[in-house]
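A.B. asks: File input08.cif below, mmCIF, C-alpha atoms:
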```cif
data_start
#
loop_
_atom_site.group_PDB
_atom_site.id
_atom_site.type_symbol
_atom_site.label_atom_id
_atom_site.label_comp_id
_atom_site.auth_asym_id
_atom_site.auth_seq_id
_atom_site.Cartn_x
_atom_site.Cartn_y
_atom_site.Cartn_z
ATOM 1 C CA MET F 142 -139.707 -243.567 -99.386
ATOM 2 C CA ALA F 143 -136.942 -245.467 -101.114
ATOM 3 C CA VAL F 144 -133.644 -243.684 -101.515
ATOM 4 C CA LYS F 145 -132.191 -243.919 -104.985
ATOM 5 C CA LYS F 146 -128.913 -242.824 -106.434
ATOM 6 C CA PHE F 147 -129.563 -239.885 -108.758
ATOM 7 C CA MET F 148 -126.762 -238.690 -110.971
ATOM 8 C CA PHE F 149 -126.993 -235.452 -112.912
ATOM 9 C CA VAL F 150 -124.641 -235.367 -115.859
ATOM 10 C CA ASN F 151 -123.766 -231.862 -116.998
ATOM 11 C CA ARG F 152 -122.289 -231.764 -120.483
ATOM 12 C CA LYS F 153 -122.967 -228.250 -121.734
ATOM 13 C CA ALA F 154 -121.302 -224.858 -121.260
ATOM 14 C CA PRO F 155 -122.940 -222.591 -118.644
ATOM 15 C CA PHE F 156 -124.171 -220.131 -121.269
ATOM 16 C CA GLY F 157 -125.265 -220.552 -124.849
ATOM 17 C CA THR F 158 -128.108 -222.877 -123.910
ATOM 18 C CA ILE F 159 -130.339 -223.171 -120.870
ATOM 19 C CA TYR F 160 -129.433 -226.793 -120.053
ATOM 20 C CA ALA F 161 -126.942 -225.983 -117.283
ATOM 21 C CA LEU F 162 -129.344 -223.684 -115.452
ATOM 22 C CA GLU F 163 -132.354 -225.980 -115.764
ATOM 23 C CA SER F 164 -130.236 -228.957 -114.677
ATOM 24 C CA LEU F 165 -129.324 -227.051 -111.538
ATOM 25 C CA GLU F 166 -133.013 -226.440 -110.875
ATOM 26 C CA VAL F 167 -133.700 -230.198 -110.940
ATOM 27 C CA VAL F 168 -130.738 -230.849 -108.644
ATOM 28 C CA LEU F 169 -132.115 -228.456 -106.036
ATOM 29 C CA ILE F 170 -135.518 -230.158 -106.160
ATOM 30 C CA ALA F 171 -134.013 -233.653 -106.022
ATOM 31 C CA ALA F 172 -132.097 -232.621 -102.904
ATOM 32 C CA THR F 173 -135.382 -231.867 -101.127
ATOM 33 C CA PHE F 174 -136.527 -235.459 -101.797
ATOM 34 C CA ASP F 175 -133.704 -236.807 -99.595
ATOM 35 C CA GLN F 176 -132.197 -238.798 -102.430
ATOM 36 C CA ASP F 177 -128.543 -239.723 -102.905
ATOM 37 C CA VAL F 178 -127.628 -236.985 -105.374
ATOM 38 C CA SER F 179 -124.387 -236.588 -107.271
ATOM 39 C CA LEU F 180 -123.312 -234.243 -110.049
ATOM 40 C CA VAL F 181 -120.953 -235.017 -112.854
ATOM 41 C CA PHE F 182 -119.281 -232.523 -115.151
ATOM 42 C CA ILE F 183 -117.927 -233.749 -118.456
ATOM 43 C CA ASP F 184 -117.199 -232.262 -121.893
ATOM 44 C CA ASP F 185 -118.053 -228.526 -121.977
ATOM 45 C CA GLY F 186 -119.938 -229.098 -118.718
ATOM 46 C CA VAL F 187 -116.639 -228.534 -116.876
ATOM 47 C CA TYR F 188 -116.910 -224.850 -117.822
ATOM 48 C CA GLU F 189 -119.950 -224.613 -115.540
ATOM 49 C CA LEU F 190 -117.615 -224.755 -112.542
ATOM 50 C CA VAL F 191 -114.977 -222.305 -113.696
ATOM 51 C CA LYS F 192 -114.209 -219.434 -111.299
ATOM 52 C CA GLY F 193 -114.833 -215.794 -112.100
ATOM 53 C CA GLN F 194 -117.787 -216.130 -114.466
ATOM 54 C CA ASP F 195 -119.290 -212.775 -115.360
ATOM 55 C CA SER F 196 -122.339 -212.804 -117.578
ATOM 56 C CA LYS F 197 -123.320 -209.145 -117.213
ATOM 57 C CA ALA F 198 -122.386 -208.259 -120.751
ATOM 58 C CA ILE F 199 -124.717 -210.877 -122.235
ATOM 59 C CA GLY F 200 -127.636 -209.946 -119.963
ATOM 60 C CA ILE F 201 -128.080 -213.464 -118.599
ATOM 61 C CA LYS F 202 -128.173 -214.273 -114.899
ATOM 62 C CA ASN F 203 -124.946 -215.777 -113.553
ATOM 63 C CA HIS F 204 -126.070 -219.004 -111.888
ATOM 64 C CA SER F 205 -122.575 -220.296 -111.131
ATOM 65 C CA ARG F 206 -122.736 -219.043 -107.523
ATOM 66 C CA THR F 207 -125.424 -221.631 -106.870
ATOM 67 C CA TYR F 208 -122.824 -224.410 -107.135
ATOM 68 C CA ARG F 209 -121.172 -222.989 -104.041
ATOM 69 C CA ALA F 210 -124.482 -223.230 -102.169
ATOM 70 C CA LEU F 211 -125.043 -226.901 -102.986
ATOM 71 C CA ASP F 212 -123.528 -228.200 -99.759
ATOM 72 C CA GLY F 213 -126.291 -226.283 -97.953
ATOM 73 C CA TYR F 214 -128.669 -228.689 -99.702
ATOM 74 C CA ASP F 215 -126.548 -231.678 -98.670
ATOM 75 C CA VAL F 216 -125.372 -232.095 -102.249
ATOM 76 C CA GLU F 217 -121.694 -232.747 -101.752
ATOM 77 C CA LYS F 218 -120.769 -235.264 -104.416
ATOM 78 C CA LEU F 219 -119.351 -233.376 -107.356
ATOM 79 C CA TYR F 220 -117.244 -235.201 -109.904
ATOM 80 C CA VAL F 221 -115.288 -233.783 -112.802
ATOM 81 C CA GLU F 222 -113.804 -235.815 -115.590
ATOM 82 C CA ARG F 223 -110.029 -235.463 -115.809
ATOM 83 C CA GLU F 224 -109.881 -235.837 -119.599
ATOM 84 C CA SER F 225 -112.494 -233.113 -120.161
ATOM 85 C CA MET F 226 -110.570 -230.689 -117.939
ATOM 86 C CA ALA F 227 -107.244 -231.486 -119.580
ATOM 87 C CA ALA F 228 -108.660 -231.057 -123.081
ATOM 88 C CA ARG F 229 -109.739 -227.536 -122.105
ATOM 89 C CA GLY F 230 -106.530 -226.565 -120.302
ATOM 90 C CA LEU F 231 -108.242 -226.466 -116.906
ATOM 91 C CA THR F 232 -107.061 -227.687 -113.521
ATOM 92 C CA GLU F 233 -108.815 -228.030 -110.172
ATOM 93 C CA ASP F 234 -107.456 -224.589 -109.205
ATOM 94 C CA ASP F 235 -109.671 -223.046 -111.881
ATOM 95 C CA LEU F 236 -112.853 -224.385 -110.291
ATOM 96 C CA LEU F 237 -115.103 -222.558 -107.835
ATOM 97 C CA VAL F 238 -115.989 -225.586 -105.695
ATOM 98 C CA ASP F 239 -114.223 -228.640 -104.308
ATOM 99 C CA VAL F 240 -114.659 -231.595 -106.608
ATOM 100 C CA GLU F 241 -113.383 -235.098 -107.004
ATOM 101 C CA VAL F 242 -111.509 -235.592 -110.263
ATOM 102 C CA LEU F 243 -112.065 -238.942 -111.925
ATOM 103 C CA SER F 244 -110.807 -240.555 -115.098
ATOM 104 C CA SER F 245 -113.407 -241.410 -117.718
ATOM 105 C CA ALA F 246 -113.051 -245.100 -116.784
ATOM 106 C CA GLU F 247 -113.722 -244.315 -113.115
ATOM 107 C CA MET F 248 -116.625 -242.142 -114.187
ATOM 108 C CA ALA F 249 -118.103 -245.047 -116.125
ATOM 109 C CA ASP F 250 -117.919 -247.256 -113.026
ATOM 110 C CA LEU F 251 -119.636 -244.588 -110.963
ATOM 111 C CA MET F 252 -122.397 -244.228 -113.550
ATOM 112 C CA ALA F 253 -122.964 -247.965 -113.545
ATOM 113 C CA GLU F 254 -123.739 -247.798 -109.814
ATOM 114 C CA GLN F 255 -126.561 -245.262 -110.251
ATOM 115 C CA ASP F 256 -130.295 -245.901 -110.235
ATOM 116 C CA VAL F 257 -131.217 -242.791 -112.214
ATOM 117 C CA VAL F 258 -128.939 -240.894 -114.583
ATOM 118 C CA LEU F 259 -130.252 -237.641 -115.985
ATOM 119 C CA SER F 260 -128.121 -236.025 -118.636
ATOM 120 C CA PHE F 261 -128.350 -232.351 -119.509
ATOM 121 C CA MET J 86 -141.304 -252.972 -116.159
ATOM 122 C CA LYS J 87 -142.228 -249.434 -115.184
ATOM 123 C CA PHE J 88 -140.691 -246.696 -117.328
ATOM 124 C CA GLY J 89 -140.403 -242.990 -116.610
ATOM 125 C CA LEU J 90 -139.648 -240.825 -119.651
ATOM 126 C CA LEU J 91 -138.060 -237.403 -119.836
ATOM 127 C CA VAL J 92 -138.532 -235.368 -123.011
ATOM 128 C CA SER J 93 -136.238 -232.361 -123.124
ATOM 129 C CA GLU J 94 -136.591 -231.048 -126.664
ATOM 130 C CA GLY J 95 -139.410 -229.358 -128.529
ATOM 131 C CA PRO J 96 -141.387 -231.082 -131.273
ATOM 132 C CA TYR J 97 -140.438 -231.000 -134.971
ATOM 133 C CA THR J 98 -137.020 -229.305 -134.566
ATOM 134 C CA HIS J 99 -135.666 -232.349 -132.749
ATOM 135 C CA GLN J 100 -136.554 -235.988 -133.189
ATOM 136 C CA ALA J 101 -136.403 -236.548 -129.413
ATOM 137 C CA SER J 102 -140.140 -236.223 -128.953
ATOM 138 C CA ASP J 103 -140.898 -238.633 -131.827
ATOM 139 C CA THR J 104 -138.469 -241.206 -130.448
ATOM 140 C CA ALA J 105 -139.902 -240.870 -126.950
ATOM 141 C CA TYR J 106 -143.407 -241.393 -128.318
ATOM 142 C CA GLN J 107 -142.348 -244.427 -130.345
ATOM 143 C CA PHE J 108 -140.550 -245.832 -127.312
ATOM 144 C CA ALA J 109 -143.684 -245.384 -125.194
ATOM 145 C CA VAL J 110 -145.908 -247.094 -127.769
ATOM 146 C CA ALA J 111 -143.457 -249.995 -128.149
ATOM 147 C CA ALA J 112 -143.066 -250.419 -124.387
ATOM 148 C CA ILE J 113 -146.833 -250.510 -123.841
ATOM 149 C CA ALA J 114 -147.248 -252.984 -126.714
ATOM 150 C CA LYS J 115 -144.779 -255.281 -124.947
ATOM 151 C CA GLY J 116 -146.834 -255.133 -121.774
ATOM 152 C CA HIS J 117 -144.697 -252.596 -119.896
ATOM 153 C CA GLU J 118 -146.051 -249.575 -118.106
ATOM 154 C CA VAL J 119 -145.130 -245.979 -118.936
ATOM 155 C CA GLN J 120 -145.563 -244.427 -115.547
ATOM 156 C CA ARG J 121 -145.072 -240.825 -116.628
ATOM 157 C CA VAL J 122 -143.738 -238.662 -119.428
ATOM 158 C CA PHE J 123 -142.161 -235.494 -118.086
ATOM 159 C CA PHE J 124 -141.637 -232.546 -120.426
ATOM 160 C CA TYR J 125 -138.748 -230.237 -119.587
ATOM 161 C CA HIS J 126 -136.631 -227.556 -121.276
ATOM 162 C CA ASP J 127 -138.124 -226.892 -124.751
ATOM 163 C CA GLY J 128 -139.963 -230.199 -124.314
ATOM 164 C CA VAL J 129 -142.796 -228.151 -122.834
ATOM 165 C CA TYR J 130 -143.704 -227.098 -126.394
ATOM 166 C CA ASN J 131 -145.041 -230.633 -126.896
ATOM 167 C CA ALA J 132 -148.015 -229.580 -124.833
ATOM 168 C CA THR J 133 -149.480 -226.579 -126.634
ATOM 169 C CA ARG J 134 -152.833 -227.019 -128.330
ATOM 170 C CA LEU J 135 -151.976 -224.125 -130.662
ATOM 171 C CA THR J 136 -149.794 -226.555 -132.607
ATOM 172 C CA GLU J 137 -151.007 -226.912 -136.178
ATOM 173 C CA PRO J 138 -148.677 -228.880 -138.474
ATOM 174 C CA PRO J 139 -149.375 -229.281 -142.209
ATOM 175 C CA GLN J 140 -151.983 -231.982 -142.890
ATOM 176 C CA ASP J 141 -149.521 -234.446 -144.359
ATOM 177 C CA ASP J 142 -147.308 -234.301 -141.256
ATOM 178 C CA ARG J 143 -147.695 -236.131 -137.955
ATOM 179 C CA HIS J 144 -149.461 -234.205 -135.189
ATOM 180 C CA ILE J 145 -147.047 -234.654 -132.309
ATOM 181 C CA VAL J 146 -149.200 -232.948 -129.673
ATOM 182 C CA ASN J 147 -152.392 -234.848 -130.506
ATOM 183 C CA ARG J 148 -150.399 -238.077 -130.598
ATOM 184 C CA TRP J 149 -149.353 -237.558 -126.965
ATOM 185 C CA ALA J 150 -152.916 -236.657 -126.036
ATOM 186 C CA ALA J 151 -154.138 -239.915 -127.619
ATOM 187 C CA LEU J 152 -151.576 -241.883 -125.610
ATOM 188 C CA LYS J 153 -153.071 -240.407 -122.458
ATOM 189 C CA ALA J 154 -156.631 -241.119 -123.625
ATOM 190 C CA GLU J 155 -155.906 -244.719 -124.632
ATOM 191 C CA HIS J 156 -153.366 -245.817 -122.034
ATOM 192 C CA ASP J 157 -153.746 -243.251 -119.267
ATOM 193 C CA VAL J 158 -150.100 -242.213 -119.481
ATOM 194 C CA ASP J 159 -149.424 -239.317 -117.121
ATOM 195 C CA LEU J 160 -148.222 -236.358 -119.229
ATOM 196 C CA VAL J 161 -146.600 -233.750 -117.012
ATOM 197 C CA VAL J 162 -145.218 -230.387 -118.110
ATOM 198 C CA CYS J 163 -142.705 -228.637 -115.851
ATOM 199 C CA VAL J 164 -144.262 -225.426 -114.552
ATOM 200 C CA ALA J 165 -141.059 -223.378 -114.345
ATOM 201 C CA ALA J 166 -139.903 -224.371 -117.831
ATOM 202 C CA ALA J 167 -143.443 -223.852 -119.186
ATOM 203 C CA LEU J 168 -144.024 -220.374 -117.779
ATOM 204 C CA ARG J 169 -140.646 -219.246 -119.116
ATOM 205 C CA ARG J 170 -141.807 -220.270 -122.570
ATOM 206 C CA GLY J 171 -145.402 -219.059 -122.508
ATOM 207 C CA ILE J 172 -147.017 -222.437 -121.939
ATOM 208 C CA LYS J 173 -149.927 -222.011 -119.533
ATOM 209 C CA GLU J 174 -153.167 -223.781 -118.642
ATOM 210 C CA GLU J 175 -155.059 -221.810 -121.293
ATOM 211 C CA VAL J 176 -152.966 -223.208 -124.142
ATOM 212 C CA LEU J 177 -152.536 -226.713 -122.751
ATOM 213 C CA ALA J 178 -153.631 -229.562 -125.050
ATOM 214 C CA PRO J 179 -155.981 -232.212 -123.623
ATOM 215 C CA GLY J 180 -154.311 -234.932 -121.585
ATOM 216 C CA PHE J 181 -151.424 -232.794 -120.290
ATOM 217 C CA ARG J 182 -151.078 -231.329 -116.831
ATOM 218 C CA ILE J 183 -148.697 -228.718 -115.459
ATOM 219 C CA SER J 184 -146.799 -229.526 -112.292
ATOM 220 C CA GLY J 185 -143.461 -229.103 -110.566
ATOM 221 C CA LEU J 186 -140.024 -230.626 -111.064
ATOM 222 C CA GLY J 187 -140.784 -232.820 -108.071
ATOM 223 C CA GLN J 188 -142.818 -234.942 -110.487
ATOM 224 C CA LEU J 189 -139.631 -235.744 -112.419
ATOM 225 C CA VAL J 190 -137.793 -236.805 -109.272
ATOM 226 C CA ASP J 191 -140.861 -238.755 -108.127
ATOM 227 C CA SER J 192 -140.867 -240.540 -111.485
ATOM 228 C CA GLY J 193 -137.197 -241.430 -111.034
ATOM 229 C CA ILE J 194 -138.017 -242.891 -107.631
ATOM 230 C CA LYS J 195 -141.088 -244.862 -108.714
ATOM 231 C CA ALA J 196 -140.021 -246.087 -112.139
ATOM 232 C CA ASP J 197 -137.732 -249.066 -112.676
ATOM 233 C CA ARG J 198 -135.989 -247.216 -115.493
ATOM 234 C CA MET J 199 -135.765 -243.531 -116.330
ATOM 235 C CA VAL J 200 -135.147 -242.844 -120.004
ATOM 236 C CA THR J 201 -134.090 -239.432 -121.305
ATOM 237 C CA PHE J 202 -134.900 -238.235 -124.806
ATOM 238 C CA GLY J 203 -132.981 -235.105 -125.673
ATOM 239 C CA ASP J 204 -129.962 -233.562 -127.243
#
```
Taking this structure as input, can you express it in the form of structure tokens?
C.D. replies:
Amino acid sequence: MAVKKFMFVNRKAPFGTIYALESLEVVLIAATFDQDVSLVFIDDGVYELVKGQDSKAIGIKNHSRTYRALDGYDVEKLYVERESMAARGLTEDDLLVDVEVLSSAEMADLMAEQDVVLSF
Amino acid sequence: MKFGLLVSEGPYTHQASDTAYQFAVAAIAKGHEVQRVFFYHDGVYNATRLTEPPQDDRHIVNRWAALKAEHDVDLVVCVAAALRRGIKEEVLAPGFRISGLGQLVDSGIKADRMVTFGD
């Protein structure tokens, strides 16, 4: 089977809508297809990676731990947009996984290299 | 060209499903192939035969079903997203089938272009 570059673009906060969780579900499936998978976090999507999430009070499962398990699925390419982090007062130290921080221009170049871009 | 489509919003509330349908019709008219339409998130609501819009409105569900009947477009509803939202075999409109997320990834692999219709 051909190997394609799949990029999952996460743009939404972890809670409030189901997009972040259901995006993660696709990522885990894509990983089993032995594709070249990368994840991008921009806009409110950067909140998905913030440390210390606790969703008990809203009665919704905390899926953020799954990001830490991604390397077990050979998903190791995680990119965060610098401008999105800065706009929200976040730094790499606030994140629960190791990521590569890219400028929006660098992000655009990376996107242009992909075969499939799925945005959630 | 071979297109794979992803519809990630429900019918009527969002225009995503209308635009996806119009894109599919236009692509086929130009001689392209729509390899699959995958329904995810609230997009799974495109597949319920319980849908009954007012008579002067478009029938989004039947429109998809007709696309399958006329052009054999594969209409796939994500099982996990569907079960969460009460969409099961017994309420599925003709032309749709329920399957796994692997069908979305498979579509990305097989299609020349993957086009997302959502928020």
A.B. asks: Please evaluate the PyMOL selection byres ((chain J) within 7 of (chain F)) against the structure above and give the resulting residues as a VMD selection string.
C.D. replies: chain J and resid 186 to 187 190 193 to 194 199 201
A.B. asks: Assuming the chain letters and numbering stay as they are in my file, what does the PyMOL selection byres ((chain J and resi 170) around 12) actually select? List them as a list in words.
C.D. replies: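 Taken over the shown coordinates, the PyMOL selection byres ((chain J and resi 170) around 12) returns Ile159 of chain F; Gly95, Tyr125, His126, Asp127, Gly128, Val129, Tyr130, Asn131, Ala132, Thr133, Val162, Cys163, Val164, Ala165, Ala166, Ala167, Leu168, Arg169, Gly171, Ile172, Lys173 and Val176 of chain J.
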A.B. asks: For the residues in that selection, give me C-alpha atoms as a tab-separated table (two decimals), keeping the file's coordinate frame.
C.D. replies:
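The new file selection_38.tsv reads:
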```tsv
chain	number	residue	atom	x	y	z
F	159	ILE	CA	-130.34	-223.17	-120.87
J	95	GLY	CA	-139.41	-229.36	-128.53
J	125	TYR	CA	-138.75	-230.24	-119.59
J	126	HIS	CA	-136.63	-227.56	-121.28
J	127	ASP	CA	-138.12	-226.89	-124.75
J	128	GLY	CA	-139.96	-230.20	-124.31
J	129	VAL	CA	-142.80	-228.15	-122.83
J	130	TYR	CA	-143.70	-227.10	-126.39
J	131	ASN	CA	-145.04	-230.63	-126.90
J	132	ALA	CA	-148.01	-229.58	-124.83
J	133	THR	CA	-149.48	-226.58	-126.63
J	162	VAL	CA	-145.22	-230.39	-118.11
J	163	CYS	CA	-142.71	-228.64	-115.85
J	164	VAL	CA	-144.26	-225.43	-114.55
J	165	ALA	CA	-141.06	-223.38	-114.34
J	166	ALA	CA	-139.90	-224.37	-117.83
J	167	ALA	CA	-143.44	-223.85	-119.19
J	168	LEU	CA	-144.02	-220.37	-117.78
J	169	ARG	CA	-140.65	-219.25	-119.12
J	171	GLY	CA	-145.40	-219.06	-122.51
J	172	ILE	CA	-147.02	-222.44	-121.94
J	173	LYS	CA	-149.93	-222.01	-119.53
J	176	VAL	CA	-152.97	-223.21	-124.14
```
A.B. asks: Return the single residue from F:Val150, F:Ala253, F:Thr158, F:Ser205 that is closest to Tyr188 of chain F, with distances computed using only C-alpha atoms.
C.D. replies: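 Closest to Tyr188 of chain F of all the choices is F:Ser205.
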A.B. asks: Using only C-alpha atoms and a cutoff of 12 Å, can you tell me which residues are near (-150.6, -249.6, -118.6) in the file's coordinates, and write them out as a short mmCIF file (atom, residue, chain, number, x, y, z; two decimals) with C-alpha atoms, in the coordinates of the input?
C.D. replies:
```
data_model
loop_
_atom_site.label_atom_id
_atom_site.label_comp_id
_atom_site.auth_asym_id
_atom_site.auth_seq_id
_atom_site.Cartn_x
_atom_site.Cartn_y
_atom_site.Cartn_z
CA MET J 86 -141.30 -252.97 -116.16
CA LYS J 87 -142.23 -249.43 -115.18
CA PHE J 88 -140.69 -246.70 -117.33
CA ALA J 109 -143.68 -245.38 -125.19
CA VAL J 110 -145.91 -247.09 -127.77
CA ALA J 111 -143.46 -250.00 -128.15
CA ALA J 112 -143.07 -250.42 -124.39
CA ILE J 113 -146.83 -250.51 -123.84
CA ALA J 114 -147.25 -252.98 -126.71
CA LYS J 115 -144.78 -255.28 -124.95
CA GLY J 116 -146.83 -255.13 -121.77
CA HIS J 117 -144.70 -252.60 -119.90
CA GLU J 118 -146.05 -249.58 -118.11
CA VAL J 119 -145.13 -245.98 -118.94
CA GLN J 120 -145.56 -244.43 -115.55
CA ARG J 121 -145.07 -240.82 -116.63
CA LEU J 152 -151.58 -241.88 -125.61
CA LYS J 153 -153.07 -240.41 -122.46
CA ALA J 154 -156.63 -241.12 -123.62
CA GLU J 155 -155.91 -244.72 -124.63
CA HIS J 156 -153.37 -245.82 -122.03
CA ASP J 157 -153.75 -243.25 -119.27
CA VAL J 158 -150.10 -242.21 -119.48
CA ASP J 159 -149.42 -239.32 -117.12
#
```
A.B. asks: Name all residues at most 10 Å from Arg229 of chain F (count all atoms listed in the file; drop same-chain ones fewer than 3 positions away) and give them as a ChimeraX atom specification.
C.D. replies: /F:184-185,187-188,224-226,232
A.B. asks: Between atom CA of Ala154 of chain F and atom CA of Asn203 of chain F, what is the spacing in Å?
C.D. replies: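 About the pair atom CA of Asn203 of chain F and atom CA of Ala154 of chain F: they are 12.5 Å apart.
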A.B. asks: Check which residues satisfy the PyMOL selection byres ((chain F and resi 208) around 9) in the file shown, then give them as a VMD selection string.
C.D. replies: chain F and resid 165 189 to 190 204 to 207 209 to 212 237 to 238
A.B. asks: Can you spit out segment 115-190 of chain J with C-alpha atoms, as a PDB file, in the first residue's frame, from the structure just given?
C.D. replies:
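File written: decode.pdb
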```pdb
ATOM      1  CA  LYS J 115     -17.044  17.207 -15.156  1.00  0.00           C
ATOM      2  CA  GLY J 116     -16.148  13.553 -15.536  1.00  0.00           C
ATOM      3  CA  HIS J 117     -14.377  13.107 -12.190  1.00  0.00           C
ATOM      4  CA  GLU J 118     -15.010  10.266  -9.803  1.00  0.00           C
ATOM      5  CA  VAL J 119     -16.263  10.680  -6.236  1.00  0.00           C
ATOM      6  CA  GLN J 120     -14.691   7.654  -4.669  1.00  0.00           C
ATOM      7  CA  ARG J 121     -16.390   7.953  -1.291  1.00  0.00           C
ATOM      8  CA  VAL J 122     -18.273  10.352   0.945  1.00  0.00           C
ATOM      9  CA  PHE J 123     -17.447   9.768   4.592  1.00  0.00           C
ATOM     10  CA  PHE J 124     -19.783  11.124   7.265  1.00  0.00           C
ATOM     11  CA  TYR J 125     -18.195  11.967  10.604  1.00  0.00           C
ATOM     12  CA  HIS J 126     -18.990  13.995  13.731  1.00  0.00           C
ATOM     13  CA  ASP J 127     -22.588  15.295  13.408  1.00  0.00           C
ATOM     14  CA  GLY J 128     -22.281  14.477   9.701  1.00  0.00           C
ATOM     15  CA  VAL J 129     -23.715  11.074  10.581  1.00  0.00           C
ATOM     16  CA  TYR J 130     -27.143  12.744  10.837  1.00  0.00           C
ATOM     17  CA  ASN J 131     -27.106  12.976   7.032  1.00  0.00           C
ATOM     18  CA  ALA J 132     -27.873   9.286   7.004  1.00  0.00           C
ATOM     19  CA  THR J 133     -31.088   8.910   8.984  1.00  0.00           C
ATOM     20  CA  ARG J 134     -34.214   7.947   7.082  1.00  0.00           C
ATOM     21  CA  LEU J 135     -36.318   9.532   9.840  1.00  0.00           C
ATOM     22  CA  THR J 136     -35.484  12.909   8.308  1.00  0.00           C
ATOM     23  CA  GLU J 137     -38.622  14.692   7.156  1.00  0.00           C
ATOM     24  CA  PRO J 138     -38.102  18.315   6.071  1.00  0.00           C
ATOM     25  CA  PRO J 139     -41.019  20.569   5.069  1.00  0.00           C
ATOM     26  CA  GLN J 140     -42.186  19.889   1.500  1.00  0.00           C
ATOM     27  CA  ASP J 141     -40.832  23.127   0.094  1.00  0.00           C
ATOM     28  CA  ASP J 142     -37.326  22.394   1.407  1.00  0.00           C
ATOM     29  CA  ARG J 143     -34.617  20.207  -0.101  1.00  0.00           C
ATOM     30  CA  HIS J 144     -34.442  16.641   1.217  1.00  0.00           C
ATOM     31  CA  ILE J 145     -30.761  16.333   2.046  1.00  0.00           C
ATOM     32  CA  VAL J 146     -30.843  12.646   2.996  1.00  0.00           C
ATOM     33  CA  ASN J 147     -32.757  11.505  -0.091  1.00  0.00           C
ATOM     34  CA  ARG J 148     -30.464  13.623  -2.248  1.00  0.00           C
ATOM     35  CA  TRP J 149     -27.442  11.648  -1.010  1.00  0.00           C
ATOM     36  CA  ALA J 150     -29.320   8.395  -1.521  1.00  0.00           C
ATOM     37  CA  ALA J 151     -30.064   9.407  -5.131  1.00  0.00           C
ATOM     38  CA  LEU J 152     -26.379  10.148  -5.711  1.00  0.00           C
ATOM     39  CA  LYS J 153     -25.607   6.592  -4.660  1.00  0.00           C
ATOM     40  CA  ALA J 154     -28.396   5.175  -6.840  1.00  0.00           C
ATOM     41  CA  GLU J 155     -27.406   7.167  -9.931  1.00  0.00           C
ATOM     42  CA  HIS J 156     -23.621   7.285  -9.670  1.00  0.00           C
ATOM     43  CA  ASP J 157     -22.803   4.511  -7.217  1.00  0.00           C
ATOM     44  CA  VAL J 158     -21.044   6.888  -4.836  1.00  0.00           C
ATOM     45  CA  ASP J 159     -19.968   5.040  -1.699  1.00  0.00           C
ATOM     46  CA  LEU J 160     -21.723   6.685   1.276  1.00  0.00           C
ATOM     47  CA  VAL J 161     -20.059   5.637   4.515  1.00  0.00           C
ATOM     48  CA  VAL J 162     -21.134   6.601   8.027  1.00  0.00           C
ATOM     49  CA  CYS J 163     -18.589   6.314  10.842  1.00  0.00           C
ATOM     50  CA  VAL J 164     -19.758   3.641  13.274  1.00  0.00           C
ATOM     51  CA  ALA J 165     -18.327   5.200  16.440  1.00  0.00           C
ATOM     52  CA  ALA J 166     -19.710   8.658  15.661  1.00  0.00           C
ATOM     53  CA  ALA J 167     -23.045   7.116  14.593  1.00  0.00           C
ATOM     54  CA  LEU J 168     -23.624   4.966  17.667  1.00  0.00           C
ATOM     55  CA  ARG J 169     -22.849   7.935  19.915  1.00  0.00           C
ATOM     56  CA  ARG J 170     -25.642   9.817  18.187  1.00  0.00           C
ATOM     57  CA  GLY J 171     -28.255   7.086  17.863  1.00  0.00           C
ATOM     58  CA  ILE J 172     -27.693   6.341  14.193  1.00  0.00           C
ATOM     59  CA  LYS J 173     -27.963   2.590  13.651  1.00  0.00           C
ATOM     60  CA  GLU J 174     -28.743   0.170  10.831  1.00  0.00           C
ATOM     61  CA  GLU J 175     -32.463   0.334  11.619  1.00  0.00           C
ATOM     62  CA  VAL J 176     -32.676   4.062  10.907  1.00  0.00           C
ATOM     63  CA  LEU J 177     -30.219   4.141   8.015  1.00  0.00           C
ATOM     64  CA  ALA J 178     -31.528   5.655   4.760  1.00  0.00           C
ATOM     65  CA  PRO J 179     -31.072   3.649   1.542  1.00  0.00           C
ATOM     66  CA  GLY J 180     -27.661   3.933  -0.078  1.00  0.00           C
ATOM     67  CA  PHE J 181     -25.695   4.493   3.148  1.00  0.00           C
ATOM     68  CA  ARG J 182     -23.559   1.961   4.954  1.00  0.00           C
ATOM     69  CA  ILE J 183     -22.017   2.021   8.416  1.00  0.00           C
ATOM     70  CA  SER J 184     -18.333   1.241   8.740  1.00  0.00           C
ATOM     71  CA  GLY J 185     -15.189   2.177  10.623  1.00  0.00           C
ATOM     72  CA  LEU J 186     -12.872   5.178  10.556  1.00  0.00           C
ATOM     73  CA  GLY J 187     -10.485   3.037   8.539  1.00  0.00           C
ATOM     74  CA  GLN J 188     -12.713   3.841   5.561  1.00  0.00           C
ATOM     75  CA  LEU J 189     -11.807   7.527   5.916  1.00  0.00           C
ATOM     76  CA  VAL J 190      -8.087   6.777   5.983  1.00  0.00           C
TER      77      VAL J 190
END
```
